[in-house]
$ cat data-v2.pdb   # PDB, C-alpha atoms and all ligand atoms
ATOM      1  CA  MET Y   1       1.592  38.649 -19.490  1.00  0.00           C
ATOM      2  CA  ARG Y   2       2.447  35.303 -20.953  1.00  0.00           C
ATOM      3  CA  LYS Y   3       4.580  33.140 -18.685  1.00  0.00           C
ATOM      4  CA  LYS Y   4       8.032  32.267 -19.987  1.00  0.00           C
ATOM      5  CA  VAL Y   5       8.489  28.521 -20.294  1.00  0.00           C
ATOM      6  CA  ALA Y   6      11.556  26.423 -21.069  1.00  0.00           C
ATOM      7  CA  VAL Y   7      11.119  23.043 -22.726  1.00  0.00           C
ATOM      8  CA  LEU Y   8      13.781  20.405 -22.027  1.00  0.00           C
ATOM      9  CA  ILE Y   9      14.227  17.746 -24.694  1.00  0.00           C
ATOM     10  CA  SER Y  10      16.526  14.926 -25.741  1.00  0.00           C
ATOM     11  CA  GLY Y  11      14.976  13.722 -28.979  1.00  0.00           C
ATOM     12  CA  ARG Y  12      12.649  14.278 -31.887  1.00  0.00           C
ATOM     13  CA  GLY Y  13      10.559  16.959 -30.158  1.00  0.00           C
ATOM     14  CA  SER Y  14       7.037  16.184 -31.300  1.00  0.00           C
ATOM     15  CA  ASN Y  15       5.659  17.337 -27.951  1.00  0.00           C
ATOM     16  CA  LEU Y  16       7.752  20.496 -28.244  1.00  0.00           C
ATOM     17  CA  GLN Y  17       6.127  21.079 -31.633  1.00  0.00           C
ATOM     18  CA  ALA Y  18       2.677  20.609 -30.107  1.00  0.00           C
ATOM     19  CA  LEU Y  19       3.497  23.088 -27.322  1.00  0.00           C
ATOM     20  CA  ILE Y  20       4.703  25.621 -29.894  1.00  0.00           C
ATOM     21  CA  ASP Y  21       1.654  25.143 -32.115  1.00  0.00           C
ATOM     22  CA  ALA Y  22      -0.680  25.649 -29.170  1.00  0.00           C
ATOM     23  CA  GLU Y  23       1.058  28.761 -27.761  1.00  0.00           C
ATOM     24  CA  GLN Y  24      -1.641  31.282 -26.917  1.00  0.00           C
ATOM     25  CA  ASP Y  25      -2.153  33.796 -24.160  1.00  0.00           C
ATOM     26  CA  ALA Y  26      -0.968  31.607 -21.276  1.00  0.00           C
ATOM     27  CA  TYR Y  27       2.661  30.885 -22.115  1.00  0.00           C
ATOM     28  CA  GLU Y  28       5.482  31.512 -24.531  1.00  0.00           C
ATOM     29  CA  ILE Y  29       8.346  29.104 -25.060  1.00  0.00           C
ATOM     30  CA  ALA Y  30      11.364  31.275 -24.397  1.00  0.00           C
ATOM     31  CA  LEU Y  31      14.069  28.605 -24.392  1.00  0.00           C
ATOM     32  CA  VAL Y  32      14.611  25.020 -25.530  1.00  0.00           C
ATOM     33  CA  VAL Y  33      17.318  23.038 -23.751  1.00  0.00           C
ATOM     34  CA  SER Y  34      18.715  19.739 -24.978  1.00  0.00           C
ATOM     35  CA  ASN Y  35      21.245  17.378 -23.438  1.00  0.00           C
ATOM     36  CA  VAL Y  36      21.703  15.826 -26.894  1.00  0.00           C
ATOM     37  CA  GLU Y  37      23.466  18.135 -29.297  1.00  0.00           C
ATOM     38  CA  ASP Y  38      21.823  16.775 -32.447  1.00  0.00           C
ATOM     39  CA  ALA Y  39      18.330  16.237 -31.047  1.00  0.00           C
ATOM     40  CA  GLY Y  40      15.713  16.657 -33.768  1.00  0.00           C
ATOM     41  CA  GLY Y  41      13.736  18.976 -31.538  1.00  0.00           C
ATOM     42  CA  LEU Y  42      16.477  21.618 -31.756  1.00  0.00           C
ATOM     43  CA  ALA Y  43      15.657  22.139 -35.428  1.00  0.00           C
ATOM     44  CA  ILE Y  44      11.995  22.541 -34.492  1.00  0.00           C
ATOM     45  CA  ALA Y  45      12.955  25.237 -31.981  1.00  0.00           C
ATOM     46  CA  ARG Y  46      15.199  27.061 -34.455  1.00  0.00           C
ATOM     47  CA  ALA Y  47      12.485  26.989 -37.097  1.00  0.00           C
ATOM     48  CA  ALA Y  48      10.206  28.708 -34.582  1.00  0.00           C
ATOM     49  CA  ASP Y  49      12.904  31.281 -33.694  1.00  0.00           C
ATOM     50  CA  ILE Y  50      13.166  30.023 -30.145  1.00  0.00           C
ATOM     51  CA  PRO Y  51      16.567  30.336 -28.448  1.00  0.00           C
ATOM     52  CA  THR Y  52      18.249  26.971 -27.853  1.00  0.00           C
ATOM     53  CA  PHE Y  53      20.887  25.696 -25.488  1.00  0.00           C
ATOM     54  CA  ALA Y  54      22.413  22.299 -26.207  1.00  0.00           C
ATOM     55  CA  LEU Y  55      25.111  20.616 -24.188  1.00  0.00           C
ATOM     56  CA  ALA Y  56      26.037  16.927 -24.138  1.00  0.00           C
ATOM     57  CA  HIS Y  57      25.932  15.701 -20.561  1.00  0.00           C
ATOM     58  CA  LYS Y  58      28.676  13.115 -21.038  1.00  0.00           C
ATOM     59  CA  GLY Y  59      31.604  13.821 -18.742  1.00  0.00           C
ATOM     60  CA  VAL Y  60      29.756  16.487 -16.753  1.00  0.00           C
ATOM     61  CA  ALA Y  61      28.619  15.587 -13.228  1.00  0.00           C
ATOM     62  CA  ARG Y  62      24.839  15.586 -12.810  1.00  0.00           C
ATOM     63  CA  ALA Y  63      24.684  18.460 -10.318  1.00  0.00           C
ATOM     64  CA  ALA Y  64      27.134  20.566 -12.323  1.00  0.00           C
ATOM     65  CA  PHE Y  65      25.218  19.931 -15.541  1.00  0.00           C
ATOM     66  CA  ASP Y  66      21.917  20.896 -13.935  1.00  0.00           C
ATOM     67  CA  ASP Y  67      23.513  24.059 -12.502  1.00  0.00           C
ATOM     68  CA  ILE Y  68      24.509  25.051 -16.020  1.00  0.00           C
ATOM     69  CA  VAL Y  69      20.970  24.419 -17.250  1.00  0.00           C
ATOM     70  CA  ASP Y  70      19.537  26.357 -14.303  1.00  0.00           C
ATOM     71  CA  GLY Y  71      21.820  29.272 -15.165  1.00  0.00           C
ATOM     72  CA  GLN Y  72      20.366  29.273 -18.681  1.00  0.00           C
ATOM     73  CA  LEU Y  73      16.818  29.208 -17.322  1.00  0.00           C
ATOM     74  CA  ARG Y  74      17.549  32.176 -15.059  1.00  0.00           C
ATOM     75  CA  ALA Y  75      19.274  34.087 -17.848  1.00  0.00           C
ATOM     76  CA  HIS Y  76      16.108  33.747 -19.930  1.00  0.00           C
ATOM     77  CA  ALA Y  77      13.820  34.679 -16.995  1.00  0.00           C
ATOM     78  CA  ILE Y  78      12.084  31.313 -17.212  1.00  0.00           C
ATOM     79  CA  GLU Y  79       9.085  30.853 -14.920  1.00  0.00           C
ATOM     80  CA  ALA Y  80       8.113  27.243 -15.628  1.00  0.00           C
ATOM     81  CA  VAL Y  81       9.727  24.152 -17.133  1.00  0.00           C
ATOM     82  CA  ALA Y  82       8.170  21.467 -19.317  1.00  0.00           C
ATOM     83  CA  LEU Y  83      10.093  18.239 -19.772  1.00  0.00           C
ATOM     84  CA  ALA Y  84       9.284  16.759 -23.167  1.00  0.00           C
ATOM     85  CA  GLY Y  85      11.170  13.542 -23.740  1.00  0.00           C
ATOM     86  CA  TYR Y  86      14.071  14.719 -21.564  1.00  0.00           C
ATOM     87  CA  MET Y  87      15.969  11.477 -20.959  1.00  0.00           C
ATOM     88  CA  ARG Y  88      18.080  12.579 -18.055  1.00  0.00           C
ATOM     89  CA  ILE Y  89      17.488  12.128 -14.350  1.00  0.00           C
ATOM     90  CA  LEU Y  90      17.555  15.512 -12.615  1.00  0.00           C
ATOM     91  CA  SER Y  91      19.609  16.424  -9.564  1.00  0.00           C
ATOM     92  CA  SER Y  92      17.694  16.922  -6.339  1.00  0.00           C
ATOM     93  CA  ALA Y  93      18.774  20.576  -6.141  1.00  0.00           C
ATOM     94  CA  PHE Y  94      17.341  21.271  -9.595  1.00  0.00           C
ATOM     95  CA  VAL Y  95      14.082  19.481  -8.759  1.00  0.00           C
ATOM     96  CA  GLU Y  96      13.770  21.472  -5.525  1.00  0.00           C
ATOM     97  CA  ARG Y  97      14.492  24.750  -7.259  1.00  0.00           C
ATOM     98  CA  TRP Y  98      11.633  24.135  -9.740  1.00  0.00           C
ATOM     99  CA  THR Y  99       9.156  22.309  -7.527  1.00  0.00           C
ATOM    100  CA  GLY Y 100       5.591  23.229  -8.437  1.00  0.00           C
ATOM    101  CA  ARG Y 101       6.807  24.833 -11.679  1.00  0.00           C
ATOM    102  CA  MET Y 102       8.105  21.822 -13.569  1.00  0.00           C
ATOM    103  CA  ILE Y 103       5.998  19.200 -15.327  1.00  0.00           C
ATOM    104  CA  ASN Y 104       6.645  16.087 -17.376  1.00  0.00           C
ATOM    105  CA  ILE Y 105       4.633  14.056 -19.839  1.00  0.00           C
ATOM    106  CA  HIS Y 106       4.835  10.308 -19.496  1.00  0.00           C
ATOM    107  CA  PRO Y 107       3.361   7.783 -21.936  1.00  0.00           C
ATOM    108  CA  SER Y 108       1.357   5.675 -19.484  1.00  0.00           C
ATOM    109  CA  LEU Y 109      -1.555   5.973 -17.131  1.00  0.00           C
ATOM    110  CA  LEU Y 110       0.474   6.689 -14.016  1.00  0.00           C
ATOM    111  CA  PRO Y 111       0.951   5.245 -11.461  1.00  0.00           C
ATOM    112  CA  LEU Y 112       1.188   2.346 -13.916  1.00  0.00           C
ATOM    113  CA  TYR Y 113       4.438   1.795 -15.818  1.00  0.00           C
ATOM    114  CA  LYS Y 114       6.904   4.358 -14.570  1.00  0.00           C
ATOM    115  CA  GLY Y 115      10.161   4.374 -16.502  1.00  0.00           C
ATOM    116  CA  LEU Y 116      10.774   2.955 -19.979  1.00  0.00           C
ATOM    117  CA  HIS Y 117       8.945   0.589 -22.385  1.00  0.00           C
ATOM    118  CA  THR Y 118       5.537   1.632 -21.130  1.00  0.00           C
ATOM    119  CA  HIS Y 119       3.545   0.499 -24.180  1.00  0.00           C
ATOM    120  CA  GLU Y 120       5.234  -2.886 -24.327  1.00  0.00           C
ATOM    121  CA  ARG Y 121       4.452  -3.427 -20.661  1.00  0.00           C
ATOM    122  CA  ALA Y 122       0.820  -2.346 -21.001  1.00  0.00           C
ATOM    123  CA  ILE Y 123       0.279  -4.776 -23.905  1.00  0.00           C
ATOM    124  CA  ALA Y 124       2.082  -7.617 -22.099  1.00  0.00           C
ATOM    125  CA  ALA Y 125      -0.139  -7.082 -19.066  1.00  0.00           C
ATOM    126  CA  GLY Y 126      -3.265  -7.480 -21.214  1.00  0.00           C
ATOM    127  CA  ASP Y 127      -4.480  -3.956 -20.427  1.00  0.00           C
ATOM    128  CA  THR Y 128      -7.423  -2.748 -22.495  1.00  0.00           C
ATOM    129  CA  GLN Y 129      -6.559   0.936 -21.985  1.00  0.00           C
ATOM    130  CA  GLY Y 130      -3.370   2.900 -22.288  1.00  0.00           C
ATOM    131  CA  GLY Y 131      -2.671   6.580 -22.241  1.00  0.00           C
ATOM    132  CA  CYS Y 132      -0.495   9.399 -21.045  1.00  0.00           C
ATOM    133  CA  SER Y 133      -0.092  11.479 -17.919  1.00  0.00           C
ATOM    134  CA  VAL Y 134       1.179  14.951 -17.123  1.00  0.00           C
ATOM    135  CA  HIS Y 135       2.638  15.205 -13.651  1.00  0.00           C
ATOM    136  CA  LEU Y 136       4.540  17.601 -11.460  1.00  0.00           C
ATOM    137  CA  VAL Y 137       8.190  16.622 -11.256  1.00  0.00           C
ATOM    138  CA  THR Y 138       9.370  15.481  -7.850  1.00  0.00           C
ATOM    139  CA  ALA Y 139      12.446  13.588  -6.681  1.00  0.00           C
ATOM    140  CA  GLY Y 140      11.162  10.108  -7.637  1.00  0.00           C
ATOM    141  CA  LEU Y 141      11.184   9.156 -11.327  1.00  0.00           C
ATOM    142  CA  ASP Y 142       7.673   9.643 -12.812  1.00  0.00           C
ATOM    143  CA  GLU Y 143       6.271   9.873  -9.283  1.00  0.00           C
ATOM    144  CA  GLY Y 144       4.941  13.410  -8.823  1.00  0.00           C
ATOM    145  CA  PRO Y 145       1.253  14.281  -8.490  1.00  0.00           C
ATOM    146  CA  VAL Y 146      -0.673  13.652 -11.701  1.00  0.00           C
ATOM    147  CA  LEU Y 147      -2.280  16.811 -13.126  1.00  0.00           C
ATOM    148  CA  ALA Y 148      -3.971  15.420 -16.229  1.00  0.00           C
ATOM    149  CA  GLN Y 149      -4.428  12.175 -18.134  1.00  0.00           C
ATOM    150  CA  ALA Y 150      -5.807  10.986 -21.441  1.00  0.00           C
ATOM    151  CA  THR Y 151      -6.750   7.416 -22.290  1.00  0.00           C
ATOM    152  CA  VAL Y 152      -6.822   5.422 -25.504  1.00  0.00           C
ATOM    153  CA  PRO Y 153      -8.043   1.885 -26.176  1.00  0.00           C
ATOM    154  CA  ILE Y 154      -5.519  -0.921 -26.576  1.00  0.00           C
ATOM    155  CA  LEU Y 155      -6.761  -2.929 -29.550  1.00  0.00           C
ATOM    156  CA  PRO Y 156      -6.213  -6.569 -30.457  1.00  0.00           C
ATOM    157  CA  GLY Y 157      -3.067  -6.809 -32.570  1.00  0.00           C
ATOM    158  CA  ASP Y 158      -1.552  -3.606 -31.175  1.00  0.00           C
ATOM    159  CA  THR Y 159       2.233  -3.484 -31.092  1.00  0.00           C
ATOM    160  CA  PRO Y 160       4.210  -1.069 -28.916  1.00  0.00           C
ATOM    161  CA  ASP Y 161       4.584   1.124 -32.014  1.00  0.00           C
ATOM    162  CA  THR Y 162       0.900   1.253 -32.971  1.00  0.00           C
ATOM    163  CA  LEU Y 163      -0.051   1.950 -29.372  1.00  0.00           C
ATOM    164  CA  ALA Y 164       2.665   4.601 -29.030  1.00  0.00           C
ATOM    165  CA  ALA Y 165       1.340   6.375 -32.115  1.00  0.00           C
ATOM    166  CA  ARG Y 166      -2.213   6.372 -30.737  1.00  0.00           C
ATOM    167  CA  VAL Y 167      -1.036   7.672 -27.363  1.00  0.00           C
ATOM    168  CA  LEU Y 168       1.179  10.325 -28.960  1.00  0.00           C
ATOM    169  CA  VAL Y 169      -1.821  11.975 -30.608  1.00  0.00           C
ATOM    170  CA  GLU Y 170      -3.309  12.378 -27.135  1.00  0.00           C
ATOM    171  CA  GLU Y 171      -0.004  13.622 -25.681  1.00  0.00           C
ATOM    172  CA  HIS Y 172      -0.008  16.436 -28.200  1.00  0.00           C
ATOM    173  CA  ARG Y 173      -3.506  17.462 -27.129  1.00  0.00           C
ATOM    174  CA  LEU Y 174      -3.005  17.027 -23.410  1.00  0.00           C
ATOM    175  CA  TYR Y 175       0.380  18.648 -22.827  1.00  0.00           C
ATOM    176  CA  PRO Y 176      -0.392  22.175 -24.079  1.00  0.00           C
ATOM    177  CA  ARG Y 177      -3.588  22.247 -22.020  1.00  0.00           C
ATOM    178  CA  ALA Y 178      -1.840  21.030 -18.884  1.00  0.00           C
ATOM    179  CA  LEU Y 179       0.998  23.534 -19.339  1.00  0.00           C
ATOM    180  CA  ALA Y 180      -1.446  26.402 -19.820  1.00  0.00           C
ATOM    181  CA  ASP Y 181      -3.339  25.353 -16.675  1.00  0.00           C
ATOM    182  CA  LEU Y 182      -0.105  25.169 -14.684  1.00  0.00           C
ATOM    183  CA  VAL Y 183       1.186  28.596 -15.666  1.00  0.00           C
ATOM    184  CA  ARG Y 184      -2.191  30.257 -15.153  1.00  0.00           C
ATOM    185  CA  ALA Y 185      -2.090  29.038 -11.554  1.00  0.00           C
ATOM    186  CA  LEU Y 186       1.427  30.367 -10.856  1.00  0.00           C
TER     187      LEU Y 186
HETATM  188  C1  LIG Y 201       6.937  11.010 -25.494  1.00  0.00           C
HETATM  189  O1  LIG Y 201       6.300   9.781 -25.686  1.00  0.00           O
HETATM  190  C2  LIG Y 201       6.836  11.413 -24.044  1.00  0.00           C
HETATM  191  O2  LIG Y 201       5.670  10.988 -23.424  1.00  0.00           O
HETATM  192  C3  LIG Y 201       8.017  10.721 -23.437  1.00  0.00           C
HETATM  193  O3  LIG Y 201       9.025  10.798 -24.401  1.00  0.00           O
HETATM  194  C4  LIG Y 201       8.437  10.917 -25.695  1.00  0.00           C
HETATM  195  C5  LIG Y 201       9.006  12.164 -26.305  1.00  0.00           C
HETATM  196  O4  LIG Y 201       8.644  12.300 -27.649  1.00  0.00           O
HETATM  197  N1  LIG Y 201       8.363  11.310 -22.167  1.00  0.00           N
HETATM  198  P1  LIG Y 201       8.901  13.671 -28.425  1.00  0.00           P
HETATM  199  O5  LIG Y 201      10.396  13.936 -28.368  1.00  0.00           O
HETATM  200  O6  LIG Y 201       8.118  14.740 -27.737  1.00  0.00           O
HETATM  201  O7  LIG Y 201       8.437  13.405 -29.808  1.00  0.00           O
END
$ encode --input "data-v2.pdb" --output "structure tokens"
Amino acid sequence: MRKKVAVLISGRGSNLQALIDAEQDAYEIALVVSNVEDAGGLAIARAADIPTFALAHKGVARAAFDDIVDGQLRAHAIEAVALAGYMRILSSAFVERWTGRMINIHPSLLPLYKGLHTHERAIAAGDTQGGCSVHLVTAGLDEGPVLAQATVPILPGDTPDTLAARVLVEEHRLYPRALADLVRAL
């Protein structure tokens, strides 16, 4: 039986697309949740006939918002959660509820460069390698145990955009594999 996965997004959804494209025997994406009502990724989900739930978080308390999302996950019998560009800090109750079953992809070689502007910071530091990490989600932002990483070279003349594009190619390879490994172990 394929495990039912929800993908949480806020933006364009290129990692969502990669997860959809790679769907095989391990998982099926049974729900896409967005906290941004016009996120590009919602169109990707609809094109793939995946149910969506979109609700702007503005004006809704964090815990209450996450309870609503959790209700959606339960209603769709979701077994694991993949954050894919979900730009919203999660409540501790939600993190606890999904501990061990929720992963995130972050565009740096964690533990380096948690948070935003990762590529800019890697270039400014003179790093010769960048990359991406998939980690279990825990209470601290981008702090959970790392499950998988991919590296790319940082080349002379790289800008945050050229580096981001090079890393993104690796994100799209890494995330489906890491998600499949996670759900197989559940
Ligand atoms: C990716 O770079 C991911 O690593 C980060 O947010 C970005 C999301 O991009 N967490 P997309 O929406 O999947 O295209």
$ residues_around --input "data-v2.pdb" --residues "His135 in chain Y" --least-positions-apart "5" --cutoff "7 Å" --atoms "all atoms listed in the file" --output "PDB file with C-alpha atoms, in the frame of the given file"
ATOM      1  CA  ILE Y 103       5.998  19.200 -15.327  1.00  0.00           C
ATOM      2  CA  ASN Y 104       6.645  16.087 -17.376  1.00  0.00           C
ATOM      3  CA  ILE Y 105       4.633  14.056 -19.839  1.00  0.00           C
ATOM      4  CA  GLY Y 144       4.941  13.410  -8.823  1.00  0.00           C
ATOM      5  CA  PRO Y 145       1.253  14.281  -8.490  1.00  0.00           C
ATOM      6  CA  VAL Y 146      -0.673  13.652 -11.701  1.00  0.00           C
ATOM      7  CA  LEU Y 147      -2.280  16.811 -13.126  1.00  0.00           C
TER       8      LEU Y 147
END
$ closest_atom_pairs --input "data-v2.pdb" --of "chain Y" --to "ligand LIG 201 (chain Y)" --cutoff "9 Å" --atoms "only C-alpha atoms and all ligand atoms" --output "CSV"
residue,atom,partner,partner_atom,distance
Y:Ile9,CA,Y:LIG201,O5,6.5
Y:Ser10,CA,Y:LIG201,O5,6.7
Y:Gly11,CA,Y:LIG201,O5,4.6
Y:Arg12,CA,Y:LIG201,O5,4.2
Y:Gly13,CA,Y:LIG201,O5,3.5
Y:Ser14,CA,Y:LIG201,O7,3.5
Y:Asn15,CA,Y:LIG201,O6,3.6
Y:Leu16,CA,Y:LIG201,O6,5.8
Y:Gln17,CA,Y:LIG201,O6,7.7
Y:Ala18,CA,Y:LIG201,O6,8.3
Y:Ala39,CA,Y:LIG201,O5,8.7
Y:Gly40,CA,Y:LIG201,O5,8.1
Y:Gly41,CA,Y:LIG201,O5,6.8
Y:Leu83,CA,Y:LIG201,N1,7.5
Y:Ala84,CA,Y:LIG201,O6,5.1
Y:Gly85,CA,Y:LIG201,O3,3.5
Y:Tyr86,CA,Y:LIG201,N1,6.7
Y:Met87,CA,Y:LIG201,N1,7.7
Y:Asn104,CA,Y:LIG201,N1,7.0
Y:Ile105,CA,Y:LIG201,O2,4.8
Y:His106,CA,Y:LIG201,O2,4.1
Y:Pro107,CA,Y:LIG201,O2,4.2
Y:Ser108,CA,Y:LIG201,O2,7.9
Y:Leu116,CA,Y:LIG201,C3,8.9
Y:Cys132,CA,Y:LIG201,O2,6.8
Y:Ser133,CA,Y:LIG201,O2,8.0
Y:Val134,CA,Y:LIG201,O2,8.7
Y:Ala164,CA,Y:LIG201,O1,7.2
Y:Ala165,CA,Y:LIG201,O1,8.8
Y:Val167,CA,Y:LIG201,O1,7.8
Y:Leu168,CA,Y:LIG201,O1,6.1
Y:Glu171,CA,Y:LIG201,O2,6.7
Y:His172,CA,Y:LIG201,O6,8.3
$ write_last_selection --input "data-v2.pdb" --atoms "C-alpha atoms" --output "tab-separated table (two decimals), in the frame of the given file"
chain	number	residue	atom	x	y	z
Y	9	ILE	CA	14.23	17.75	-24.69
Y	10	SER	CA	16.53	14.93	-25.74
Y	11	GLY	CA	14.98	13.72	-28.98
Y	12	ARG	CA	12.65	14.28	-31.89
Y	13	GLY	CA	10.56	16.96	-30.16
Y	14	SER	CA	7.04	16.18	-31.30
Y	15	ASN	CA	5.66	17.34	-27.95
Y	16	LEU	CA	7.75	20.50	-28.24
Y	17	GLN	CA	6.13	21.08	-31.63
Y	18	ALA	CA	2.68	20.61	-30.11
Y	39	ALA	CA	18.33	16.24	-31.05
Y	40	GLY	CA	15.71	16.66	-33.77
Y	41	GLY	CA	13.74	18.98	-31.54
Y	83	LEU	CA	10.09	18.24	-19.77
Y	84	ALA	CA	9.28	16.76	-23.17
Y	85	GLY	CA	11.17	13.54	-23.74
Y	86	TYR	CA	14.07	14.72	-21.56
Y	87	MET	CA	15.97	11.48	-20.96
Y	104	ASN	CA	6.64	16.09	-17.38
Y	105	ILE	CA	4.63	14.06	-19.84
Y	106	HIS	CA	4.84	10.31	-19.50
Y	107	PRO	CA	3.36	7.78	-21.94
Y	108	SER	CA	1.36	5.68	-19.48
Y	116	LEU	CA	10.77	2.96	-19.98
Y	132	CYS	CA	-0.50	9.40	-21.04
Y	133	SER	CA	-0.09	11.48	-17.92
Y	134	VAL	CA	1.18	14.95	-17.12
Y	164	ALA	CA	2.66	4.60	-29.03
Y	165	ALA	CA	1.34	6.38	-32.12
Y	167	VAL	CA	-1.04	7.67	-27.36
Y	168	LEU	CA	1.18	10.32	-28.96
Y	171	GLU	CA	0.00	13.62	-25.68
Y	172	HIS	CA	-0.01	16.44	-28.20
$ closest_residue --input "data-v2.pdb" --among "Y:Val137, Y:Val81, Y:Ala180, Y:Ala43" --to "Val7 in chain Y" --atoms "all atoms listed in the file"
Y:Val81
$ atom_distance --input "data-v2.pdb" --atom1 "CA of Ile50 in chain Y" --atom2 "CA of Ala30 in chain Y"
6.2 Å
$ closest_residue --input "data-v2.pdb" --among "Y:Glu170, Y:Glu79, Y:Asp66, Y:Asp127" --to "Gly100 in chain Y" --atoms "all atoms listed in the file"
Y:Glu79
$ resolve_selection --input "data-v2.pdb" --expression "the PyMOL selection byres (((chain Y and resi 2) around 6) and not hetatm)" --output "MDAnalysis selection string"
chainID Y and resid 1 3 25:27
$ resolve_selection --input "data-v2.pdb" --expression "the PyMOL selection byres (((chain Y and resi 67) around 12) and not hetatm)" --output "PDB file with C-alpha atoms, keeping the file's coordinate frame"
ATOM      1  CA  HIS Y  57      25.932  15.701 -20.561  1.00  0.00           C
ATOM      2  CA  VAL Y  60      29.756  16.487 -16.753  1.00  0.00           C
ATOM      3  CA  ALA Y  61      28.619  15.587 -13.228  1.00  0.00           C
ATOM      4  CA  ARG Y  62      24.839  15.586 -12.810  1.00  0.00           C
ATOM      5  CA  ALA Y  63      24.684  18.460 -10.318  1.00  0.00           C
ATOM      6  CA  ALA Y  64      27.134  20.566 -12.323  1.00  0.00           C
ATOM      7  CA  PHE Y  65      25.218  19.931 -15.541  1.00  0.00           C
ATOM      8  CA  ASP Y  66      21.917  20.896 -13.935  1.00  0.00           C
ATOM      9  CA  ILE Y  68      24.509  25.051 -16.020  1.00  0.00           C
ATOM     10  CA  VAL Y  69      20.970  24.419 -17.250  1.00  0.00           C
ATOM     11  CA  ASP Y  70      19.537  26.357 -14.303  1.00  0.00           C
ATOM     12  CA  GLY Y  71      21.820  29.272 -15.165  1.00  0.00           C
ATOM     13  CA  GLN Y  72      20.366  29.273 -18.681  1.00  0.00           C
ATOM     14  CA  LEU Y  73      16.818  29.208 -17.322  1.00  0.00           C
ATOM     15  CA  ARG Y  74      17.549  32.176 -15.059  1.00  0.00           C
ATOM     16  CA  LEU Y  90      17.555  15.512 -12.615  1.00  0.00           C
ATOM     17  CA  SER Y  91      19.609  16.424  -9.564  1.00  0.00           C
ATOM     18  CA  SER Y  92      17.694  16.922  -6.339  1.00  0.00           C
ATOM     19  CA  ALA Y  93      18.774  20.576  -6.141  1.00  0.00           C
ATOM     20  CA  PHE Y  94      17.341  21.271  -9.595  1.00  0.00           C
ATOM     21  CA  VAL Y  95      14.082  19.481  -8.759  1.00  0.00           C
ATOM     22  CA  ARG Y  97      14.492  24.750  -7.259  1.00  0.00           C
TER      23      ARG Y  97
END
$ closest_residue --input "data-v2.pdb" --among "Y:Glu96, Y:Asp181, Y:Asp38, Y:Asp49" --to "Ala139 in chain Y" --atoms "all atoms listed in the file"
Y:Glu96
$ residues_near_point --input "data-v2.pdb" --point "(15.0, 30.1, -30.5)" --cutoff "9 Å" --atoms "only C-alpha atoms" --output "PyMOL selection string"
chain Y and resi 29-32+42+45-53
$ write_last_selection --input "data-v2.pdb" --atoms "C-alpha atoms" --output "PDB file, keeping the file's coordinate frame"
ATOM      1  CA  ILE Y  29       8.346  29.104 -25.060  1.00  0.00           C
ATOM      2  CA  ALA Y  30      11.364  31.275 -24.397  1.00  0.00           C
ATOM      3  CA  LEU Y  31      14.069  28.605 -24.392  1.00  0.00           C
ATOM      4  CA  VAL Y  32      14.611  25.020 -25.530  1.00  0.00           C
ATOM      5  CA  LEU Y  42      16.477  21.618 -31.756  1.00  0.00           C
ATOM      6  CA  ALA Y  45      12.955  25.237 -31.981  1.00  0.00           C
ATOM      7  CA  ARG Y  46      15.199  27.061 -34.455  1.00  0.00           C
ATOM      8  CA  ALA Y  47      12.485  26.989 -37.097  1.00  0.00           C
ATOM      9  CA  ALA Y  48      10.206  28.708 -34.582  1.00  0.00           C
ATOM     10  CA  ASP Y  49      12.904  31.281 -33.694  1.00  0.00           C
ATOM     11  CA  ILE Y  50      13.166  30.023 -30.145  1.00  0.00           C
ATOM     12  CA  PRO Y  51      16.567  30.336 -28.448  1.00  0.00           C
ATOM     13  CA  THR Y  52      18.249  26.971 -27.853  1.00  0.00           C
ATOM     14  CA  PHE Y  53      20.887  25.696 -25.488  1.00  0.00           C
TER      15      PHE Y  53
END
$ atom_distance --input "data-v2.pdb" --atom1 "CA of Leu19 in chain Y" --atom2 "CA of Ile44 in chain Y"
11.1 Å
$ atom_distance --input "data-v2.pdb" --atom1 "CA of Thr151 in chain Y" --atom2 "CA of Gln129 in chain Y"
6.5 Å
$ resolve_selection --input "data-v2.pdb" --expression "the PyMOL selection byres (((chain Y and resi 35) around 7) and not hetatm)" --output "list in words"
Ser10, Val33, Ser34, Val36, Glu37, Ala54, Leu55, Ala56 and His57 of chain Y
$ axis_aligned_box --input "data-v2.pdb" --around "range 20-38 of chain Y" --padding-each-side "5 Å" --output "JSON"
{"center_x": 10.7, "center_y": 24.8, "center_z": -26.9, "size_x": 35.6, "size_y": 28.0, "size_z": 21.2}
$ closest_residue --input "data-v2.pdb" --among "Y:Leu179, Y:Leu141, Y:Leu109, Y:Leu136" --to "Pro153 in chain Y" --atoms "all atoms listed in the file"
Y:Leu109
$ build_atoms --input "data-v2.pdb" --residues "range 157-162 of chain Y" --atoms "N, CA and C atoms" --output "PDB file, in the coordinates of the input"
ATOM      1  N   GLY Y 157      -4.069  -6.958 -31.510  1.00  0.00           N
ATOM      2  CA  GLY Y 157      -3.067  -6.809 -32.570  1.00  0.00           C
ATOM      3  C   GLY Y 157      -2.177  -5.593 -32.406  1.00  0.00           C
ATOM      4  N   ASP Y 158      -2.434  -4.765 -31.400  1.00  0.00           N
ATOM      5  CA  ASP Y 158      -1.552  -3.606 -31.175  1.00  0.00           C
ATOM      6  C   ASP Y 158      -0.118  -4.064 -30.911  1.00  0.00           C
ATOM      7  N   THR Y 159       0.819  -3.314 -31.443  1.00  0.00           N
ATOM      8  CA  THR Y 159       2.233  -3.484 -31.092  1.00  0.00           C
ATOM      9  C   THR Y 159       2.627  -2.251 -30.276  1.00  0.00           C
ATOM     10  N   PRO Y 160       3.775  -2.282 -29.627  1.00  0.00           N
ATOM     11  CA  PRO Y 160       4.210  -1.069 -28.916  1.00  0.00           C
ATOM     12  C   PRO Y 160       4.207   0.159 -29.834  1.00  0.00           C
ATOM     13  N   ASP Y 161       4.545  -0.027 -31.090  1.00  0.00           N
ATOM     14  CA  ASP Y 161       4.584   1.124 -32.014  1.00  0.00           C
ATOM     15  C   ASP Y 161       3.195   1.652 -32.359  1.00  0.00           C
ATOM     16  N   THR Y 162       2.247   0.756 -32.619  1.00  0.00           N
ATOM     17  CA  THR Y 162       0.900   1.253 -32.971  1.00  0.00           C
ATOM     18  C   THR Y 162       0.259   1.916 -31.754  1.00  0.00           C
TER      19      THR Y 162
END
